[in-house]
$ cat input15.pdb   # PDB, C-alpha atoms
MODEL        1
ATOM      1  CA  MET X  13    -105.981 -21.760  -5.693
ATOM      2  CA  ASN X  14    -102.697 -22.896  -4.217
ATOM      3  CA  ARG X  15    -100.683 -20.915  -1.688
ATOM      4  CA  LYS X  16     -97.954 -19.686  -4.031
ATOM      5  CA  LYS X  17    -100.370 -18.440  -6.694
ATOM      6  CA  MET X  18    -102.473 -16.683  -4.063
ATOM      7  CA  LEU X  19     -99.369 -15.084  -2.557
ATOM      8  CA  TRP X  20     -98.355 -13.572  -5.902
ATOM      9  CA  THR X  21    -101.924 -12.467  -6.584
ATOM     10  CA  LEU X  22    -101.990 -10.602  -3.284
ATOM     11  CA  ILE X  23     -98.591  -8.999  -3.795
ATOM     12  CA  VAL X  24     -99.163  -7.812  -7.362
ATOM     13  CA  SER X  25    -102.721  -6.585  -6.859
ATOM     14  CA  GLN X  26    -101.850  -4.698  -3.690
ATOM     15  CA  ILE X  27     -98.903  -3.001  -5.365
ATOM     16  CA  VAL X  28    -101.308  -1.827  -8.078
ATOM     17  CA  TYR X  29    -103.789  -0.640  -5.431
ATOM     18  CA  VAL X  30    -101.080   1.344  -3.647
ATOM     19  CA  LEU X  31    -100.105   2.954  -6.956
ATOM     20  CA  PHE X  32    -103.722   4.085  -7.304
ATOM     21  CA  VAL X  33    -103.161   6.222  -4.203
ATOM     22  CA  LEU X  34    -101.418   8.703  -6.516
ATOM     23  CA  VAL X  35    -104.548   8.838  -8.679
ATOM     24  CA  TRP X  36    -106.645   9.155  -5.535
ATOM     25  CA  LEU X  37    -104.618  12.147  -4.352
ATOM     26  CA  PHE X  38    -105.445  14.000  -7.555
ATOM     27  CA  ILE X  39    -109.121  13.012  -7.465
ATOM     28  CA  ALA X  40    -109.446  13.902  -3.780
ATOM     29  CA  GLY X  41    -107.881  17.294  -4.438
ATOM     30  CA  MET X  42    -110.186  17.993  -7.345
ATOM     31  CA  SER X  43    -113.296  16.663  -5.592
ATOM     32  CA  VAL X  44    -113.608  19.829  -3.528
ATOM     33  CA  MET X  45    -114.643  21.514  -6.780
ATOM     34  CA  MET X  46    -118.002  19.754  -6.393
ATOM     35  CA  PHE X  47    -118.839  22.397  -3.810
ATOM     36  CA  ASP X  48    -118.359  25.385  -6.142
ATOM     37  CA  ALA X  49    -122.081  25.926  -6.544
ATOM     38  CA  PRO X  50    -123.657  27.542  -3.474
ATOM     39  CA  GLU X  51    -126.502  24.984  -3.348
ATOM     40  CA  ALA X  52    -124.028  22.073  -3.326
ATOM     41  CA  ILE X  53    -123.316  22.576   0.383
ATOM     42  CA  SER X  54    -126.815  21.398   1.267
ATOM     43  CA  ASP X  55    -126.980  18.620  -1.360
ATOM     44  CA  VAL X  56    -126.792  15.180   0.255
ATOM     45  CA  THR X  57    -125.686  13.429  -2.945
ATOM     46  CA  THR X  58    -122.677  15.698  -3.301
ATOM     47  CA  TRP X  59    -121.623  14.986   0.273
ATOM     48  CA  LEU X  60    -122.043  11.212  -0.185
ATOM     49  CA  ILE X  61    -119.885  11.218  -3.322
ATOM     50  CA  PHE X  62    -117.276  13.360  -1.579
ATOM     51  CA  ILE X  63    -117.162  11.052   1.448
ATOM     52  CA  ALA X  64    -116.971   7.967  -0.800
ATOM     53  CA  ILE X  65    -113.963   9.464  -2.573
ATOM     54  CA  LEU X  66    -112.240  10.236   0.711
ATOM     55  CA  LEU X  67    -112.793   6.697   2.023
ATOM     56  CA  TYR X  68    -110.491   4.999  -0.538
ATOM     57  CA  PRO X  69    -107.478   4.855   1.833
ATOM     58  CA  ALA X  70    -109.653   3.297   4.549
ATOM     59  CA  GLY X  71    -110.919   0.667   2.097
ATOM     60  CA  LEU X  72    -107.386   0.037   0.900
ATOM     61  CA  LEU X  73    -106.101  -0.381   4.451
ATOM     62  CA  ALA X  74    -108.962  -2.730   5.319
ATOM     63  CA  ALA X  75    -108.230  -4.780   2.196
ATOM     64  CA  LEU X  76    -104.518  -4.964   2.951
ATOM     65  CA  ILE X  77    -105.018  -6.073   6.542
ATOM     66  CA  GLY X  78    -107.974  -8.375   5.885
ATOM     67  CA  GLY X  79    -106.312  -9.977   2.879
ATOM     68  CA  TRP X  80    -103.114 -10.843   4.694
ATOM     69  CA  VAL X  81    -104.838 -11.983   7.885
ATOM     70  CA  THR X  82    -107.086 -14.390   6.001
ATOM     71  CA  PHE X  83    -104.119 -15.513   3.872
ATOM     72  CA  SER X  84    -102.157 -16.379   6.999
ATOM     73  CA  ARG X  85    -105.115 -18.417   8.234
ATOM     74  CA  ARG X  86    -105.088 -20.330   4.916
ATOM     75  CA  ARG X  87    -108.522 -19.037   3.901
ATOM     76  CA  TYR X  88    -107.558 -18.177   0.341
ATOM     77  CA  ARG X  89    -111.028 -17.499  -1.019
ATOM     78  CA  ALA X  90    -111.765 -15.052   1.790
ATOM     79  CA  SER X  91    -108.388 -13.473   1.169
ATOM     80  CA  LEU X  92    -109.276 -12.923  -2.471
ATOM     81  CA  ILE X  93    -112.606 -11.358  -1.503
ATOM     82  CA  TRP X  94    -110.900  -9.009   0.961
ATOM     83  CA  ASN X  95    -108.389  -8.128  -1.716
ATOM     84  CA  CYS X  96    -111.170  -7.002  -4.079
ATOM     85  CA  ILE X  97    -112.469  -4.240  -1.772
ATOM     86  CA  PRO X  98    -110.491  -1.415  -3.486
ATOM     87  CA  LEU X  99    -112.156  -2.364  -6.761
ATOM     88  CA  LEU X 100    -115.304  -0.712  -5.377
ATOM     89  CA  TRP X 101    -113.512   2.599  -6.039
ATOM     90  CA  ILE X 102    -111.345   1.684  -9.036
ATOM     91  CA  LEU X 103    -113.941   0.072 -11.324
ATOM     92  CA  PRO X 104    -116.451   2.970 -11.246
ATOM     93  CA  LEU X 105    -113.623   5.400 -11.958
ATOM     94  CA  GLY X 106    -112.419   3.260 -14.857
ATOM     95  CA  GLY X 107    -115.979   2.954 -16.163
ATOM     96  CA  PHE X 108    -116.457   6.693 -15.996
ATOM     97  CA  LEU X 109    -113.175   7.331 -17.817
ATOM     98  CA  ALA X 110    -114.052   4.777 -20.505
ATOM     99  CA  PHE X 111    -117.483   6.353 -20.925
ATOM    100  CA  ALA X 112    -115.973   9.837 -21.171
ATOM    101  CA  ASN X 113    -113.381   8.760 -23.753
ATOM    102  CA  PHE X 114    -115.569   6.623 -26.001
ATOM    103  CA  SER X 115    -118.842   8.537 -26.052
TER     104      SER X 115
ENDMDL
END

$ encode --input "input15.pdb" --output "structure tokens"
Amino acid sequence: MNRKKMLWTLIVSQIVYVLFVLVWLFIAGMSVMMFDAPEAISDVTTWLIFIAILLYPAGLLAALIGGWVTFSRRRYRASLIWNCIPLLWILPLGGFLAFANFS
């Protein structure tokens, strides 16, 4: 991939990822409802899901920094891989929403 195409890929995808922060704010606010049941406090799975939800901004920040650093070093493939880190949060959410709407 040439430099100009990679530059626009980084810019557009990272704008979309930053827009997902608004979705994340809603999901993070609602995720505390997982602890409504008294036994949920001691459930490890509930805590892991909660922590994974809260880590989206850290993954986004790592992707932003890592993507641009590797882009500046002209390592475009590594830059694309770094740029895909937020998809670890977005794709499962999209899959869950598709499953909920079409089943």

$ atom_distance --input "input15.pdb" --atom1 "CA of Val44 in chain X" --atom2 "CA of Tyr68 in chain X"
15.4 Å

$ atom_distance --input "input15.pdb" --atom1 "CA of Lys16 in chain X" --atom2 "CA of Arg85 in chain X"
14.3 Å

$ atom_distance --input "input15.pdb" --atom1 "CA of Leu34 in chain X" --atom2 "CA of Ala90 in chain X"
27.2 Å

$ residues_near_point --input "input15.pdb" --point "(-113.3, 11.3, -3.5)" --cutoff "10 Å" --atoms "all atoms listed in the file" --output "PyMOL selection string"
chain X and resi 36-44+59-68+101

$ closest_residue --input "input15.pdb" --among "X:Met45, X:Cys96, X:Leu103, X:Leu109" --to "Leu22 in chain X" --atoms "only C-alpha atoms"
X:Cys96

$ axis_aligned_box --input "input15.pdb" --around "range 43-46 of chain X" --padding-each-side "6 Å" --output "JSON"
{"center_x": -115.6, "center_y": 19.1, "center_z": -5.2, "size_x": 16.7, "size_y": 16.9, "size_z": 15.3}

$ closest_residue --input "input15.pdb" --among "X:Ile97, X:Val81, X:Ile102, X:Leu76" --to "Ile27 in chain X" --atoms "only C-alpha atoms"
X:Leu76

$ closest_residue --input "input15.pdb" --among "X:Leu100, X:Val33, X:Ala52, X:Leu105" --to "Pro69 in chain X" --atoms "only C-alpha atoms"
X:Val33

$ residues_near_point --input "input15.pdb" --point "(-106.2, -22.0, -5.8)" --cutoff "12 Å" --atoms "all atoms listed in the file" --output "list in words"
Met13, Asn14, Arg15, Lys16, Lys17, Met18, Leu19, Trp20, Thr21, Phe83, Arg86, Arg87, Tyr88, Arg89, Ala90, Ser91 and Leu92 of chain X

$ residues_around --input "input15.pdb" --residues "Gly106 in chain X" --least-positions-apart "6" --cutoff "12 Å" --atoms "only C-alpha atoms" --output "list in words"
Phe32, Val35, Leu99, Leu100, Ala112 and Asn113 of chain X

$ closest_residue --input "input15.pdb" --among "X:Ala110, X:Gln26, X:Thr58, X:Phe47" --to "Gly78 in chain X" --atoms "only C-alpha atoms"
X:Gln26

$ build_atoms --input "input15.pdb" --residues "range 54-65 of chain X" --atoms "all heavy atoms" --output "short mmCIF file (atom, residue, chain, number, x, y, z; two decimals), in the frame of the given file"
data_model
loop_
_atom_site.label_atom_id
_atom_site.label_comp_id
_atom_site.auth_asym_id
_atom_site.auth_seq_id
_atom_site.Cartn_x
_atom_site.Cartn_y
_atom_site.Cartn_z
N SER X 54 -125.67 22.06 0.63
CA SER X 54 -126.82 21.40 1.27
C SER X 54 -127.28 20.16 0.51
O SER X 54 -128.27 19.54 0.90
CB SER X 54 -127.97 22.39 1.40
OG SER X 54 -128.36 22.86 0.13
N ASP X 55 -126.59 19.78 -0.56
CA ASP X 55 -126.98 18.62 -1.36
C ASP X 55 -126.38 17.35 -0.77
O ASP X 55 -125.16 17.21 -0.66
CB ASP X 55 -126.52 18.80 -2.80
CG ASP X 55 -127.02 17.72 -3.72
OD1 ASP X 55 -128.06 17.12 -3.41
OD2 ASP X 55 -126.37 17.47 -4.76
N VAL X 56 -127.23 16.42 -0.39
CA VAL X 56 -126.79 15.18 0.26
C VAL X 56 -125.99 14.31 -0.70
O VAL X 56 -124.98 13.69 -0.31
CB VAL X 56 -128.01 14.40 0.80
CG1 VAL X 56 -127.60 13.06 1.37
CG2 VAL X 56 -128.75 15.22 1.83
N THR X 57 -126.38 14.26 -1.96
CA THR X 57 -125.69 13.43 -2.94
C THR X 57 -124.24 13.88 -3.12
O THR X 57 -123.33 13.05 -3.20
CB THR X 57 -126.41 13.48 -4.30
OG1 THR X 57 -127.78 13.13 -4.11
CG2 THR X 57 -125.79 12.52 -5.28
N THR X 58 -124.03 15.17 -3.16
CA THR X 58 -122.68 15.70 -3.30
C THR X 58 -121.82 15.29 -2.11
O THR X 58 -120.67 14.88 -2.27
CB THR X 58 -122.70 17.23 -3.43
OG1 THR X 58 -123.56 17.58 -4.51
CG2 THR X 58 -121.32 17.78 -3.69
N TRP X 59 -122.37 15.38 -0.92
CA TRP X 59 -121.62 14.99 0.27
C TRP X 59 -121.31 13.49 0.28
O TRP X 59 -120.22 13.07 0.67
CB TRP X 59 -122.39 15.37 1.53
CG TRP X 59 -122.19 16.79 1.90
CD1 TRP X 59 -123.05 17.82 1.69
CD2 TRP X 59 -121.03 17.36 2.52
NE1 TRP X 59 -122.49 18.99 2.14
CE2 TRP X 59 -121.26 18.74 2.65
CE3 TRP X 59 -119.82 16.83 2.96
CZ2 TRP X 59 -120.32 19.59 3.24
CZ3 TRP X 59 -118.89 17.67 3.52
CH2 TRP X 59 -119.14 19.04 3.66
N LEU X 60 -122.28 12.66 -0.16
CA LEU X 60 -122.04 11.21 -0.18
C LEU X 60 -120.95 10.84 -1.18
O LEU X 60 -120.10 9.99 -0.89
CB LEU X 60 -123.34 10.47 -0.52
CG LEU X 60 -124.40 10.48 0.58
CD1 LEU X 60 -125.68 9.83 0.08
CD2 LEU X 60 -123.89 9.79 1.82
N ILE X 61 -120.94 11.48 -2.34
CA ILE X 61 -119.88 11.22 -3.32
C ILE X 61 -118.54 11.67 -2.78
O ILE X 61 -117.53 10.98 -2.91
CB ILE X 61 -120.22 11.91 -4.66
CG1 ILE X 61 -121.44 11.25 -5.30
CG2 ILE X 61 -119.03 11.85 -5.62
CD1 ILE X 61 -121.98 12.00 -6.49
N PHE X 62 -118.51 12.83 -2.15
CA PHE X 62 -117.28 13.36 -1.58
C PHE X 62 -116.72 12.43 -0.49
O PHE X 62 -115.53 12.12 -0.46
CB PHE X 62 -117.54 14.76 -1.02
CG PHE X 62 -116.33 15.42 -0.43
CD1 PHE X 62 -115.30 15.84 -1.23
CD2 PHE X 62 -116.24 15.64 0.94
CE1 PHE X 62 -114.17 16.46 -0.70
CE2 PHE X 62 -115.14 16.26 1.48
CZ PHE X 62 -114.11 16.67 0.66
N ILE X 63 -117.59 11.96 0.38
CA ILE X 63 -117.16 11.05 1.45
C ILE X 63 -116.69 9.72 0.87
O ILE X 63 -115.69 9.14 1.32
CB ILE X 63 -118.30 10.86 2.47
CG1 ILE X 63 -118.50 12.17 3.25
CG2 ILE X 63 -118.01 9.72 3.42
CD1 ILE X 63 -119.74 12.20 4.09
N ALA X 64 -117.39 9.22 -0.17
CA ALA X 64 -116.97 7.97 -0.80
C ALA X 64 -115.59 8.10 -1.42
O ALA X 64 -114.78 7.17 -1.34
CB ALA X 64 -117.99 7.56 -1.86
N ILE X 65 -115.29 9.24 -2.01
CA ILE X 65 -113.96 9.46 -2.57
C ILE X 65 -112.91 9.47 -1.47
O ILE X 65 -111.84 8.87 -1.60
CB ILE X 65 -113.93 10.78 -3.38
CG1 ILE X 65 -114.76 10.62 -4.65
CG2 ILE X 65 -112.51 11.18 -3.72
CD1 ILE X 65 -114.99 11.91 -5.40
#
